[in-house]
Every structure is written in structure tokens, then in C-alpha cells.
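K.L.:
Just passing along the structure, written as C-alpha cells.
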Amino acid sequence: MEIDVKHIARLAMLTIPQEEEETFKQEFTRILAMVDALPELESTDTLLEPDNQMQLREDEVTPSWPRDVMLQNAPQTAAGCIAVPKTVE
């Protein structure tokens, strides 16, 4: 299987230096080999034990910091919220 490191980096929005591409290619190959070596599951069940159910804790309402106190620490605010740079086009 041929691994296209540039394509994977582009999908992940990463910049990988050209001199490190071969290293990443080797790592990806090792990861895929490890996944291929995993045993197949023989059961189609959920593998959960009905007698051992997860116990969830009750939600508790606790007091929080006032908004104006929290916003004092933010470098930039707008409309009572923390303003952050745009990350998605």
C-alpha cells in the first residue's frame, strides 16, 4: 500500500517538512501493520456485560465564577463572550 504523506498532511491541515516525509511514511506503515495484525472479533454482540452496567453519578449544580470576572482574563471579548481568531474557512 502506497502512503501519500502530503495528502494526509493536507487533510489534517498540517505542514510536514519535506525532510521528515519519509519518517512519517515509515511510522504510518508501522501503524497500519499493527492494525492489520489485530485479531478479528468473532462476536457481533456489543461485548458489554448486562450484569455489569455503568453507574452514572447524579448531576450537581455548583456555583461558578461570575461572567465579568472570567472575561477580565480574556485578551479580547465581544458581546459578553471570549473572542478567538477564526480557525475554519
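Starting from 1 in every chain, residues are counted up; chains themselves are A, B, ... following the order of the C-alpha cells, and ligands are numbered from 1 as listed.
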From the DSSP assignment of the backbone, select every residue of chain A that is strand (DSSP E or B), and format the answer as a ChimeraX atom specification.

P.N.:
/A:77-78,81-82

K.L.:
Mind dumping the selected residues with C-alpha atoms as a PDB file, in the first residue's frame?

P.N.:
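Result written to again14.pdb:
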ATOM      1  CA  THR A  77     -14.086  39.891  24.272  1.00  0.00           C
ATOM      2  CA  ALA A  78     -17.192  40.585  22.219  1.00  0.00           C
ATOM      3  CA  CYS A  81     -18.026  36.181  25.172  1.00  0.00           C
ATOM      4  CA  ILE A  82     -14.346  35.421  24.636  1.00  0.00           C
TER       5      ILE A  82
END

K.L.:
Hey, which of A:Glu89, A:Glu21, A:Glu27, A:Asp68 ends up closest to A:His7? Count only C-alpha atoms.

P.N.:
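Checking each candidate against A:His7, we get A:Glu21 as the closest.
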
K.L.:
Find the distance between atom CA of A:Glu58 and atom CA of A:Met70 and write it in Å to one decimal.

P.N.:
26.7 Å

K.L.:
Taking the backbone alone, and naming residues the way the document does, which bits of stretch 13-81 of chain A are alpha helix (DSSP H) by DSSP, as a ChimeraX atom specification?

P.N.:
/A:21-36,67-71

K.L.:
Write a file of the selected residues as a PDB file, in the first residue's frame, keeping C-alpha atoms.

P.N.:
ATOM      1  CA  GLU A  21       8.122  12.885   4.989  1.00  0.00           C
ATOM      2  CA  GLU A  22       9.992   9.570   4.826  1.00  0.00           C
ATOM      3  CA  THR A  23       9.965   9.280   8.630  1.00  0.00           C
ATOM      4  CA  PHE A  24       6.207   9.851   8.709  1.00  0.00           C
ATOM      5  CA  LYS A  25       5.707   7.360   5.885  1.00  0.00           C
ATOM      6  CA  GLN A  26       7.576   4.696   7.875  1.00  0.00           C
ATOM      7  CA  GLU A  27       5.547   5.463  11.006  1.00  0.00           C
ATOM      8  CA  PHE A  28       2.251   5.267   9.085  1.00  0.00           C
ATOM      9  CA  THR A  29       3.349   1.934   7.591  1.00  0.00           C
ATOM     10  CA  ARG A  30       4.124   0.566  11.068  1.00  0.00           C
ATOM     11  CA  ILE A  31       0.758   1.753  12.400  1.00  0.00           C
ATOM     12  CA  LEU A  32      -1.122   0.117   9.520  1.00  0.00           C
ATOM     13  CA  ALA A  33       0.827  -3.123  10.031  1.00  0.00           C
ATOM     14  CA  MET A  34      -0.100  -3.090  13.718  1.00  0.00           C
ATOM     15  CA  VAL A  35      -3.792  -2.561  12.882  1.00  0.00           C
ATOM     16  CA  ASP A  36      -3.669  -5.376  10.306  1.00  0.00           C
ATOM     17  CA  ARG A  67     -19.005  36.083  33.828  1.00  0.00           C
ATOM     18  CA  ASP A  68     -17.491  39.564  34.203  1.00  0.00           C
ATOM     19  CA  VAL A  69     -14.724  38.202  36.449  1.00  0.00           C
ATOM     20  CA  MET A  70     -13.886  35.459  33.920  1.00  0.00           C
ATOM     21  CA  LEU A  71     -13.884  37.883  30.983  1.00  0.00           C
TER      22      LEU A  71
END
